[in-house]
file start_19.cif (mmCIF, C-alpha atoms)
data_model
loop_
_atom_site.label_atom_id
_atom_site.label_comp_id
_atom_site.auth_asym_id
_atom_site.auth_seq_id
_atom_site.Cartn_x
_atom_site.Cartn_y
_atom_site.Cartn_z
CA MET A 1 48.60 -68.48 10.03
CA GLU A 2 50.87 -68.19 7.04
CA SER A 3 52.29 -64.88 5.98
CA CYS A 4 51.32 -63.78 2.51
CA GLU A 5 53.29 -65.02 -0.47
CA ARG A 6 54.90 -62.69 -3.00
CA PHE A 7 54.03 -62.94 -6.66
CA TYR A 8 55.70 -60.50 -9.06
CA GLY A 9 56.23 -58.18 -6.08
CA ILE A 10 52.57 -58.32 -5.03
CA CYS A 11 51.27 -59.93 -1.84
CA PHE A 12 49.34 -62.98 -3.05
CA GLN A 13 46.68 -62.97 -0.35
CA LYS A 14 44.93 -65.97 1.17
CA THR A 15 41.73 -64.97 -0.64
CA VAL A 16 43.22 -66.20 -3.90
CA ARG A 17 44.32 -69.51 -2.43
CA ARG A 18 41.00 -70.02 -0.66
CA ARG A 19 38.95 -69.58 -3.79
CA LEU A 20 41.35 -71.14 -6.28
CA PRO A 21 39.55 -74.53 -6.51
CA ALA A 22 36.22 -72.83 -7.17
CA LEU A 23 37.83 -70.48 -9.70
CA LEU A 24 39.40 -73.38 -11.58
CA LEU A 25 36.05 -75.15 -11.74
CA ILE A 26 34.45 -72.04 -13.24
CA PHE A 27 37.18 -71.79 -15.89
CA LEU A 28 36.81 -75.48 -16.71
CA PHE A 29 33.06 -75.09 -16.93
CA ALA A 30 33.36 -72.26 -19.42
CA PHE A 31 35.96 -73.91 -21.63
CA ASN A 32 34.39 -77.37 -21.55
CA PHE A 33 31.03 -76.12 -22.71
CA ALA A 34 32.59 -73.89 -25.32
CA GLN A 35 34.42 -76.97 -26.60
CA ALA A 36 31.22 -79.00 -26.42
CA GLN A 37 29.52 -76.43 -28.61
CA THR A 38 32.33 -76.75 -31.17
CA GLU A 39 31.88 -80.51 -31.22
CA ASN A 40 28.12 -80.15 -31.62
CA ASP A 41 28.61 -77.87 -34.60
CA SER A 42 30.62 -80.59 -36.33
CA ASP A 43 28.00 -83.26 -35.52
CA LYS A 44 24.80 -81.61 -36.76
CA ASP A 45 23.63 -84.67 -38.69
CA LYS A 46 23.27 -86.78 -35.55
CA ASP A 47 19.69 -87.85 -34.77
CA ALA A 48 18.04 -85.54 -32.19
CA ASN A 49 16.34 -88.38 -30.32
CA GLU A 50 19.64 -90.19 -29.96
CA LYS A 51 21.14 -87.07 -28.44
CA GLU A 52 18.43 -86.91 -25.77
CA ASP A 53 19.00 -90.54 -24.81
CA GLU A 54 22.70 -89.90 -24.27
CA GLY A 55 21.96 -87.53 -21.38
CA GLY A 56 20.22 -90.27 -19.39
CA PHE A 57 17.50 -89.78 -16.81
CA ILE A 58 19.44 -87.24 -14.68
CA GLY A 59 20.46 -85.15 -17.66
CA ASP A 60 16.91 -85.16 -19.03
CA ALA A 61 15.40 -84.24 -15.65
CA THR A 62 17.93 -81.44 -15.14
CA ARG A 63 17.27 -80.09 -18.61
CA LYS A 64 13.52 -80.03 -18.02
CA LEU A 65 13.88 -78.44 -14.59
CA PHE A 66 16.07 -75.52 -15.69
CA GLN A 67 15.00 -74.94 -19.28
CA GLU A 68 13.32 -71.66 -20.16
CA ARG A 69 9.56 -72.12 -20.21
CA SER A 70 6.52 -70.45 -21.70
CA THR A 71 3.41 -70.46 -19.55
CA ARG A 72 0.14 -68.64 -19.04
CA LEU A 73 -0.78 -66.75 -15.89
CA LEU A 74 -4.19 -65.13 -15.46
CA GLY A 75 -4.81 -66.00 -19.09
CA ASN A 76 -1.78 -64.08 -20.38
CA PRO A 77 1.48 -65.44 -21.87
CA HIS A 78 4.61 -65.36 -19.70
CA ARG A 79 8.20 -66.51 -20.00
CA TYR A 80 9.95 -68.08 -17.01
CA SER A 81 13.60 -69.03 -16.54
CA LEU A 82 15.70 -70.27 -13.63
CA LEU A 83 19.43 -70.68 -13.11
CA PRO A 84 20.94 -72.57 -10.13
CA ILE A 85 23.92 -70.96 -8.36
CA GLY A 86 26.56 -72.73 -6.28
CA TYR A 87 30.10 -71.90 -5.20
CA TYR A 88 32.39 -72.33 -2.19
CA ASP A 89 34.33 -69.76 -0.20
CA VAL A 90 36.30 -70.40 3.00
CA ARG A 91 34.93 -67.35 4.81
CA THR A 92 31.27 -67.84 3.82
CA GLY A 93 31.22 -71.60 3.25
CA LEU A 94 29.08 -73.34 0.64
CA ASN A 95 26.85 -70.82 -1.14
CA LEU A 96 23.71 -72.16 -2.82
CA GLY A 97 20.84 -70.36 -4.46
CA LEU A 98 19.00 -69.50 -7.62
CA TYR A 99 18.32 -66.64 -9.98
CA SER A 100 15.00 -66.53 -11.83
CA ARG A 101 13.01 -64.16 -13.99
CA LEU A 102 9.37 -63.97 -15.01
CA ASP A 103 8.51 -61.80 -18.03
CA SER A 104 5.02 -60.93 -19.22
CA ARG A 105 4.95 -61.37 -23.01
CA GLN A 106 1.89 -59.22 -23.71
CA THR A 107 4.13 -56.52 -25.17
CA ASN A 108 7.64 -56.38 -26.57
CA PRO A 109 9.92 -56.75 -24.72
CA TYR A 110 7.62 -57.18 -21.70
CA LEU A 111 4.65 -55.64 -19.94
CA TYR A 112 6.20 -56.27 -16.54
CA ARG A 113 9.09 -58.28 -15.13
CA ILE A 114 9.82 -59.95 -11.78
CA THR A 115 13.41 -60.88 -10.91
CA LEU A 116 14.24 -63.03 -7.89
CA GLN A 117 17.66 -63.90 -6.45
CA ILE A 118 18.15 -66.10 -3.38
CA ILE A 119 21.68 -66.99 -2.21
CA ALA A 120 22.54 -68.26 1.28
CA SER A 121 25.65 -69.89 2.71
CA THR A 122 26.36 -72.49 5.36
CA LYS A 123 28.14 -69.86 7.49
CA GLY A 124 25.28 -67.38 7.48
CA SER A 125 25.81 -64.98 4.57
CA HIS A 126 22.75 -63.92 2.58
CA LYS A 127 22.30 -62.07 -0.72
CA HIS A 128 18.61 -61.93 -1.56
CA LYS A 129 16.76 -59.53 -3.81
CA ILE A 130 13.47 -59.14 -5.63
CA ILE A 131 12.79 -56.57 -8.35
CA PHE A 132 9.42 -55.68 -9.89
CA GLU A 133 9.44 -53.55 -13.05
CA TYR A 134 6.36 -52.17 -14.82
CA PRO A 135 7.70 -49.57 -17.29
CA GLN A 136 4.35 -48.45 -18.77
CA LEU A 137 1.40 -48.50 -16.41
CA GLY A 138 -1.82 -48.84 -18.38
CA GLY A 139 -0.01 -48.04 -21.59
CA THR A 140 0.95 -44.56 -20.33
CA ARG A 141 4.39 -42.97 -19.99
CA PHE A 142 4.33 -43.60 -16.23
CA GLY A 143 5.99 -46.65 -14.70
CA LEU A 144 6.85 -48.35 -11.43
CA ARG A 145 9.96 -50.09 -10.14
CA VAL A 146 10.29 -51.75 -6.73
CA ARG A 147 13.58 -53.22 -5.50
CA GLY A 148 13.95 -55.08 -2.22
CA GLU A 149 17.28 -56.41 -0.92
CA TRP A 150 18.34 -58.30 2.18
CA GLU A 151 22.06 -58.84 2.62
CA ARG A 152 24.25 -60.18 5.40
CA ASP A 153 27.82 -59.62 4.29
CA LEU A 154 30.43 -61.64 6.18
CA GLU A 155 33.29 -59.84 4.42
CA ALA A 156 32.50 -56.15 4.91
CA ARG A 157 35.69 -54.12 5.38
CA TYR A 158 36.70 -50.88 7.04
CA PHE A 159 40.15 -49.39 6.37
CA GLY A 160 39.43 -45.87 7.58
CA ILE A 161 38.34 -42.68 5.85
CA GLY A 162 40.38 -40.87 3.21
CA ASN A 163 42.46 -41.45 0.12
CA GLY A 164 45.55 -42.20 2.22
CA SER A 165 43.99 -44.91 4.38
CA ARG A 166 46.31 -47.88 4.94
CA ASN A 167 45.95 -51.64 4.62
CA ASN A 168 48.68 -52.77 7.00
CA GLU A 169 49.23 -56.48 6.29
CA GLN A 170 51.36 -56.93 9.42
CA LEU A 171 48.28 -56.38 11.58
CA THR A 172 46.54 -59.41 10.01
CA ASP A 173 49.60 -61.67 9.65
CA ALA A 174 50.02 -64.07 12.57
CA GLY A 175 53.72 -64.33 11.77
CA SER A 176 54.28 -60.63 12.37
CA ALA A 177 55.28 -59.07 15.68
CA ASN A 178 52.56 -56.43 15.07
CA PHE A 179 49.78 -58.99 14.59
CA ILE A 180 46.40 -58.03 16.08
CA HIS A 181 43.79 -60.28 14.45
CA GLU A 182 43.28 -61.91 11.05
CA ASP A 183 39.88 -60.14 10.85
CA PHE A 184 41.23 -56.75 11.97
CA TYR A 185 39.70 -54.96 8.95
CA LEU A 186 36.70 -57.29 8.59
CA TYR A 187 33.23 -57.20 10.13
CA ASN A 188 29.75 -58.57 9.41
CA LEU A 189 27.14 -56.22 8.00
CA LYS A 190 23.37 -56.67 7.90
CA HIS A 191 21.85 -54.35 5.34
CA PRO A 192 18.18 -54.70 4.27
CA ARG A 193 16.93 -52.09 1.79
CA LEU A 194 13.69 -51.23 -0.02
CA VAL A 195 13.53 -48.69 -2.86
CA ILE A 196 10.35 -47.66 -4.70
CA HIS A 197 10.56 -45.56 -7.87
CA GLY A 198 7.88 -44.02 -9.99
CA THR A 199 9.05 -43.17 -13.51
CA ARG A 200 7.96 -40.76 -16.22
CA GLN A 201 9.18 -41.18 -19.78
CA LEU A 202 9.95 -37.65 -20.98
CA ALA A 203 11.11 -38.75 -24.45
CA SER A 204 12.08 -42.01 -26.13
CA ASN A 205 15.36 -42.28 -24.20
CA PHE A 206 14.83 -39.84 -21.31
CA ILE A 207 13.31 -41.06 -18.04
CA LEU A 208 12.64 -39.14 -14.83
CA TRP A 209 12.80 -41.25 -11.65
CA LEU A 210 11.14 -40.15 -8.40
CA GLY A 211 11.46 -42.48 -5.46
CA ILE A 212 11.84 -43.20 -1.79
CA GLY A 213 14.18 -45.63 -0.07
CA PHE A 214 14.39 -47.29 3.33
CA GLU A 215 17.42 -49.08 4.74
CA GLN A 216 18.77 -50.49 7.98
CA VAL A 217 22.51 -50.85 8.65
CA GLU A 218 23.81 -53.11 11.42
CA PRO A 219 27.60 -53.60 11.68
CA GLN A 220 28.69 -56.61 13.75
CA LEU A 221 32.29 -56.95 14.91
CA LYS A 222 33.81 -60.37 14.31
CA ALA A 223 35.98 -60.05 17.42
CA GLY A 224 36.09 -57.58 20.27
CA ALA A 225 36.46 -53.84 19.76
CA ALA A 226 40.15 -54.08 20.71
CA THR A 227 40.91 -56.44 17.78
CA SER A 228 38.77 -54.71 15.14
CA PHE A 229 39.74 -51.52 13.35
CA LEU A 230 36.08 -50.46 13.15
CA GLY A 231 35.86 -50.88 16.94
CA GLN A 232 39.10 -48.99 17.51
CA ASP A 233 38.57 -46.12 15.08
CA ARG A 234 34.88 -45.71 15.97
CA PRO A 235 33.82 -43.55 12.98
CA PHE A 236 30.44 -41.85 13.05
CA GLY A 237 27.95 -44.66 12.36
CA HIS A 238 30.07 -47.54 13.68
CA LEU A 239 27.04 -48.74 15.69
CA GLY A 240 24.75 -48.63 12.66
CA GLY A 241 21.42 -46.93 12.16
CA SER A 242 18.47 -46.50 9.83
CA ASN A 243 17.97 -44.23 6.87
CA ARG A 244 15.18 -42.85 4.72
CA TYR A 245 15.98 -41.06 1.52
CA LEU A 246 14.32 -39.45 -1.47
CA SER A 247 15.62 -40.14 -4.96
CA PHE A 248 15.46 -37.79 -7.92
CA ARG A 249 17.16 -39.18 -11.00
CA LEU A 250 17.28 -38.32 -14.70
CA SER A 251 18.59 -40.96 -17.09
CA TRP A 252 19.39 -40.85 -20.80
CA ASP A 253 19.64 -44.42 -22.03
CA THR A 254 20.46 -45.42 -25.62
CA ARG A 255 21.98 -48.83 -24.81
CA SER A 256 21.08 -51.71 -27.10
CA ASP A 257 20.52 -53.85 -23.99
CA ASP A 258 20.72 -53.39 -20.23
CA VAL A 259 22.57 -56.67 -19.50
CA PHE A 260 25.32 -56.84 -22.13
CA PRO A 261 25.10 -53.72 -24.32
CA LEU A 262 26.75 -53.84 -27.73
CA LYS A 263 26.41 -50.10 -28.32
CA GLY A 264 24.92 -46.92 -26.89
CA PHE A 265 25.34 -45.13 -23.57
CA LEU A 266 23.69 -44.55 -20.21
CA ALA A 267 24.06 -41.10 -18.62
CA GLU A 268 22.59 -40.45 -15.18
CA PHE A 269 22.31 -37.58 -12.77
CA SER A 270 20.80 -38.19 -9.35
CA PHE A 271 20.13 -36.21 -6.19
CA GLU A 272 19.34 -38.00 -2.93
CA PRO A 273 18.39 -36.19 0.29
CA ASN A 274 18.98 -38.62 3.18
CA PHE A 275 17.43 -38.46 6.65
CA ALA A 276 19.22 -40.87 8.98
CA ALA A 277 18.89 -42.01 12.57
CA VAL A 278 22.45 -42.99 13.54
CA LYS A 279 23.36 -44.78 16.75
CA ASP A 280 26.18 -43.12 18.64
CA ASP A 281 27.97 -43.19 22.00
CA VAL A 282 28.06 -40.06 24.14
CA PRO A 283 30.75 -40.07 26.87
CA THR A 284 29.42 -39.68 30.40
CA ALA A 285 31.04 -39.91 33.83
CA GLY A 286 32.89 -43.22 33.77
CA SER A 287 30.90 -44.71 30.85
CA ALA A 288 29.22 -43.97 27.54
CA ALA A 289 25.51 -43.63 26.88
CA ARG A 290 24.07 -44.83 23.60
CA VAL A 291 21.91 -42.28 21.83
CA THR A 292 20.32 -41.87 18.41
CA ARG A 293 21.40 -38.85 16.39
CA ARG A 294 19.15 -37.62 13.62
CA VAL A 295 21.17 -36.17 10.76
CA ALA A 296 20.71 -35.18 7.12
CA PHE A 297 23.09 -35.58 4.22
CA TYR A 298 22.79 -35.22 0.46
CA ARG A 299 24.21 -37.17 -2.47
CA TYR A 300 24.94 -35.57 -5.85
CA THR A 301 25.92 -38.21 -8.41
CA PHE A 302 26.82 -38.18 -12.09
CA SER A 303 27.65 -41.28 -14.11
CA HIS A 304 28.24 -41.94 -17.81
CA ALA A 305 28.75 -45.42 -19.30
CA HIS A 306 29.53 -45.77 -23.03
CA PHE A 307 29.67 -48.90 -25.19
CA LEU A 308 31.42 -48.84 -28.57
CA PRO A 309 31.48 -51.84 -30.96
CA LEU A 310 34.88 -52.34 -32.57
CA ARG A 311 34.65 -55.59 -34.52
CA SER A 312 31.28 -56.77 -35.86
CA GLY A 313 29.74 -56.64 -32.39
CA ARG A 314 32.14 -59.25 -30.98
CA LEU A 315 34.67 -56.79 -29.57
CA ILE A 316 33.25 -53.95 -27.46
CA PHE A 317 35.03 -51.10 -25.73
CA ALA A 318 33.13 -50.16 -22.55
CA ASN A 319 33.91 -47.21 -20.31
CA ARG A 320 32.25 -45.71 -17.25
CA ILE A 321 33.17 -42.51 -15.45
CA ALA A 322 31.39 -41.53 -12.23
CA PHE A 323 31.58 -38.69 -9.76
CA GLU A 324 29.79 -38.21 -6.44
CA ALA A 325 29.82 -35.59 -3.71
CA VAL A 326 28.17 -36.03 -0.31
CA ALA A 327 27.24 -33.00 1.77
CA GLY A 328 26.22 -33.06 5.42
CA ASP A 329 26.73 -35.44 8.36
CA ALA A 330 26.99 -38.77 6.61
CA PRO A 331 27.81 -41.97 8.58
CA TYR A 332 30.89 -43.88 7.48
CA TYR A 333 28.94 -46.64 5.71
CA ALA A 334 27.28 -44.09 3.42
CA LEU A 335 30.71 -42.92 2.22
CA GLY A 336 31.52 -46.39 0.85
CA GLU A 337 28.62 -46.38 -1.62
CA ILE A 338 27.67 -44.53 -4.77
CA ALA A 339 24.14 -43.85 -5.99
CA GLY A 340 22.75 -44.24 -9.50
CA GLU A 341 20.95 -47.09 -11.22
CA ARG A 342 21.70 -49.11 -8.07
CA HIS A 343 23.71 -48.41 -4.93
CA THR A 344 27.11 -50.14 -5.18
CA HIS A 345 30.19 -50.38 -2.97
CA VAL A 346 33.15 -48.10 -3.82
CA LEU A 347 36.11 -47.64 -4.13
CA GLY A 348 37.52 -51.14 -4.27
CA GLY A 349 35.83 -54.49 -4.74
CA SER A 350 33.78 -55.88 -7.59
CA HIS A 351 32.41 -52.58 -9.00
CA THR A 352 35.40 -50.22 -8.84
CA LEU A 353 39.17 -50.58 -8.44
CA ARG A 354 39.08 -54.36 -8.87
CA GLY A 355 42.37 -55.41 -7.30
CA PHE A 356 41.73 -53.56 -4.04
CA GLN A 357 39.58 -54.94 -1.24
CA SER A 358 35.95 -53.84 -1.03
CA ARG A 359 35.40 -50.29 0.30
CA ARG A 360 39.16 -49.78 0.33
CA PHE A 361 38.94 -45.97 -0.13
CA GLN A 362 35.92 -43.98 1.02
CA ASP A 363 35.16 -40.35 1.68
CA LYS A 364 32.67 -37.61 0.83
CA ILE A 365 33.93 -36.92 -2.71
CA LYS A 366 34.81 -39.71 -5.11
CA LEU A 367 35.79 -39.99 -8.76
CA PHE A 368 36.56 -43.15 -10.72
CA THR A 369 36.67 -44.55 -14.21
CA LEU A 370 36.42 -48.13 -15.50
CA SER A 371 37.59 -49.19 -18.97
CA GLU A 372 37.00 -52.67 -20.42
CA LEU A 373 37.63 -54.51 -23.68
CA ARG A 374 34.97 -57.21 -23.95
CA TYR A 375 35.36 -60.00 -26.52
CA LYS A 376 32.46 -62.36 -27.22
CA PHE A 377 34.42 -65.57 -27.90
CA ARG A 378 31.78 -68.24 -28.42
CA SER A 379 28.09 -69.08 -27.87
CA PHE A 380 26.74 -72.44 -26.75
CA GLN A 381 23.58 -74.13 -25.46
CA LEU A 382 22.98 -75.88 -22.12
CA TRP A 383 19.61 -77.14 -20.81
CA SER A 384 17.87 -75.13 -23.54
CA HIS A 385 19.63 -71.98 -22.28
CA SER A 386 21.90 -69.79 -24.36
CA PHE A 387 25.33 -68.80 -23.02
CA ASP A 388 27.97 -66.47 -24.41
CA LEU A 389 31.57 -66.98 -23.32
CA ILE A 390 33.21 -63.55 -22.98
CA PHE A 391 36.81 -62.57 -22.27
CA ILE A 392 37.62 -59.12 -20.90
CA GLY A 393 40.59 -57.00 -19.97
CA PHE A 394 40.15 -53.93 -17.75
CA VAL A 395 41.85 -50.89 -16.25
CA ASP A 396 40.30 -49.04 -13.28
CA SER A 397 41.34 -45.77 -11.71
CA GLY A 398 39.98 -43.53 -8.96
CA ARG A 399 40.46 -41.64 -5.72
CA VAL A 400 38.53 -39.87 -2.94
CA TRP A 401 38.68 -36.46 -1.21
CA GLY A 402 37.37 -35.27 2.14
CA ARG A 403 36.57 -31.68 1.13
CA TRP A 404 36.61 -29.46 -1.93
CA SER A 405 39.72 -27.61 -0.79
CA GLU A 406 41.67 -30.89 -1.15
CA PHE A 407 40.51 -31.49 -4.72
CA ASN A 408 43.34 -32.25 -7.16
CA PHE A 409 44.17 -34.80 -9.83
CA SER A 410 47.15 -36.49 -8.20
CA ASP A 411 47.47 -39.68 -6.12
CA PHE A 412 44.99 -41.72 -8.13
CA HIS A 413 44.82 -45.45 -7.41
CA SER A 414 44.70 -47.88 -10.33
CA THR A 415 44.16 -51.57 -11.02
CA THR A 416 44.44 -53.83 -14.04
CA GLY A 417 43.05 -57.28 -14.68
CA ALA A 418 41.21 -59.76 -16.86
CA GLY A 419 38.05 -61.81 -16.61
CA VAL A 420 35.94 -64.62 -17.99
CA TRP A 421 32.20 -64.04 -18.15
CA LEU A 422 29.16 -66.12 -19.01
CA ASN A 423 26.16 -64.26 -20.40
CA TRP A 424 23.08 -66.34 -19.53
CA ASN A 425 20.20 -65.85 -21.99
CA ASN A 426 21.21 -62.18 -22.14
CA LYS A 427 19.55 -61.85 -18.71
CA MET A 428 22.46 -62.08 -16.30
CA ILE A 429 26.26 -62.04 -16.33
CA LEU A 430 28.17 -64.63 -14.29
CA ARG A 431 31.44 -62.82 -13.81
CA LEU A 432 34.90 -64.01 -12.80
CA ASP A 433 37.45 -61.19 -12.69
CA LEU A 434 41.04 -61.22 -11.46
CA GLY A 435 42.23 -57.75 -10.45
CA ARG A 436 45.79 -56.65 -9.65
CA SER A 437 46.80 -53.58 -7.65
CA ASN A 438 49.92 -52.52 -5.78
CA GLU A 439 48.43 -54.14 -2.67
CA ASP A 440 46.82 -57.35 -3.78
CA ILE A 441 45.70 -59.82 -6.44
CA ILE A 442 42.01 -60.51 -5.92
CA PRO A 443 39.64 -62.97 -7.64
CA LEU A 444 36.02 -61.79 -7.85
CA PHE A 445 33.13 -64.09 -8.66
CA ARG A 446 29.96 -62.04 -8.96
CA LEU A 447 26.60 -61.90 -10.66
CA HIS A 448 26.10 -58.99 -13.08
CA SER A 449 28.72 -56.80 -14.74
CA ALA A 450 30.46 -53.93 -12.97
CA PHE A 451 28.48 -51.50 -15.17
#
call {"tool": "encode", "arguments": {"input": "start_19.cif", "output": "structure tokens"}}
result
Amino acid sequence: MESCERFYGICFQKTVRRRLPALLLIFLFAFNFAQAQTENDSDKDKDANEKEDEGGFIGDATRKLFQERSTRLLGNPHRYSLLPIGYYDVRTGLNLGLYSRLDSRQTNPYLYRITLQIIASTKGSHKHKIIFEYPQLGGTRFGLRVRGEWERDLEARYFGIGNGSRNNEQLTDAGSANFIHEDFYLYNLKHPRLVIHGTRQLASNFILWLGIGFEQVEPQLKAGAATSFLGQDRPFGHLGGSNRYLSFRLSWDTRSDDVFPLKGFLAEFSFEPNFAAVKDDVPTAGSAARVTRRVAFYRYTFSHAHFLPLRSGRLIFANRIAFEAVAGDAPYYALGEIAGERHTHVLGGSHTLRGFQSRRFQDKIKLFTLSELRYKFRSFQLWSHSFDLIFIGFVDSGRVWGRWSEFNFSDFHSTTGAGVWLNWNNKMILRLDLGRSNEDIIPLFRLHSAF
């Protein structure tokens, strides 16, 4: 295996080189269709029927298959849309799937909505989810939201607990005398989850969320315990477990939109009592017995995301600050997440500290902030779908603490970067970010914005 290359003093990891062809294709896709839209604007007098003939049979069939449709179900009007997804990654292989949404059009914007995402790879990774939203049951102020997820992550990472945890590149570099295994920090993680929320609209922008969640966590070492840091360090929860939790959340939402807001803010406070059954090893004479420990821990989370238009709605300053404290006997995998509108991985990865690997820093107390300048460059049409091409620049900062006595405002980690996004029908963001930290330069291709 090659040792990492240096680029402006930063280790240019294999992840960049692995994904570079796919990243270039995404950039070309965005710019080519933006250019195509410019050419179409200058050719408006061309006959519409002639334009359809130019696409040929394949182009016409593709357009009809993926165009947004209006239909009637149970005698009521609905709107249906579908977007194919495909990309390649060396670790996960060829990833194929789709993202679709069904909206009831009985009310504005919808009576209910069903969102479906299915993504699977040739090497066994899965990222599936289904979301059902019914914000006003029977025209009342009560609503229902159900979210089901099934994920098998082939690139889950464990670097240890604490703000000073290390990512020692020599341990994963075959050219180093200290080499252990290229997947020393990596493991596979199965993580199905179901969350059911009932909602009560207290005022026009205030919503109370009461819910219950169920999840199963199953870490799987890629190699033996001797060549995996998770197997060597053996943190509480390294064998996995199951969890049930209650969710109490209050949100104040004035955003103009929940996909790509142009203005407004979302403030959230949540409290989650968790009741977990964690698998653990208990040393016995000459061996270890596997037992299940039943523990409780509690999440207290505050998050505020603000969106400020700066130039006729085309340039937006977006900022999110979030804080979470976990009390009780939490397994290690719970420390690498933050609650709120949806559970996301922190700190490091696609939602925080872009430029560090996923779950790079984790502990019981965490604080981070994300700042972005988003510029809506151009809009174009494809297969009767609307796309916005968006450029962003970002700065992320954050750190973790193990206990309140350690709390201070020094030793924060930071990342900078830029990205190219596609906003599909104002329903989903296809996001390509490139983050830079003092450890790495990491490309991130994800669905949905970081916040």
call {"tool": "atom_distance", "arguments": {"input": "start_19.cif", "atom1": "atom CA of Asn167 of chain A", "atom2": "atom CA of Ala330 of chain A"}}
result
23.0 Å
call {"tool": "closest_residue", "arguments": {"input": "start_19.cif", "among": "A:Asn408, A:Phe377, A:Ala334, A:Phe451", "to": "Ile161 of chain A", "atoms": "all atoms listed in the file"}}
result
A:Ala334
call {"tool": "residues_around", "arguments": {"input": "start_19.cif", "residues": "Ile114 of chain A", "least_positions_apart": "3", "cutoff": "7 Å", "atoms": "only C-alpha atoms", "output": "NGL selection string"}}
result
:A and (101-103 or 131-133)
call {"tool": "residues_around", "arguments": {"input": "start_19.cif", "residues": "Thr254 of chain A", "least_positions_apart": "5", "cutoff": "8 Å", "atoms": "all atoms listed in the file", "output": "PyMOL selection string"}}
result
chain A and resi 205+264-266
call {"tool": "closest_residue", "arguments": {"input": "start_19.cif", "among": "A:Gln106, A:Asn426, A:Ser270, A:Ser100", "to": "His128 of chain A", "atoms": "all atoms listed in the file"}}
result
A:Ser100
call {"tool": "residues_around", "arguments": {"input": "start_19.cif", "residues": "Val346 of chain A", "least_positions_apart": "5", "cutoff": "12 Å", "atoms": "all atoms listed in the file", "output": "JSON, numbers by chain"}}
result
{"A": [156, 157, 158, 322, 323, 324, 333, 334, 335, 336, 337, 338, 339, 351, 352, 353, 354, 356, 357, 358, 359, 360, 361, 362, 363, 364, 365, 366, 367, 368, 369, 396, 397, 398, 399, 400, 450]}
call {"tool": "resolve_selection", "arguments": {"input": "start_19.cif", "expression": "the PyMOL selection byres ((chain A and resi 315-317) around 8)", "output": "ChimeraX atom specification"}}
result
/A:262-263,307-314,318-319,371-376
call {"tool": "write_last_selection", "arguments": {"input": "start_19.cif", "atoms": "C-alpha atoms", "output": "compact mmCIF listing (two decimals), in the coordinates of the input"}}
result
# COMPACT_ATOMS: atom_id res chain seq x y z
CA LEU A 262 26.75 -53.84 -27.73
CA LYS A 263 26.41 -50.10 -28.32
CA PHE A 307 29.67 -48.90 -25.19
CA LEU A 308 31.42 -48.84 -28.57
CA PRO A 309 31.48 -51.84 -30.96
CA LEU A 310 34.88 -52.34 -32.57
CA ARG A 311 34.65 -55.59 -34.52
CA SER A 312 31.28 -56.77 -35.86
CA GLY A 313 29.74 -56.64 -32.39
CA ARG A 314 32.14 -59.25 -30.98
CA ALA A 318 33.13 -50.16 -22.55
CA ASN A 319 33.91 -47.21 -20.31
CA SER A 371 37.59 -49.19 -18.97
CA GLU A 372 37.00 -52.67 -20.42
CA LEU A 373 37.63 -54.51 -23.68
CA ARG A 374 34.97 -57.21 -23.95
CA TYR A 375 35.36 -60.00 -26.52
CA LYS A 376 32.46 -62.36 -27.22
call {"tool": "resolve_selection", "arguments": {"input": "start_19.cif", "expression": "the PyMOL selection byres ((chain A and resi 71) around 12)", "output": "NGL selection string"}}
result
:A and (68-70 or 72-81 or 102-105)
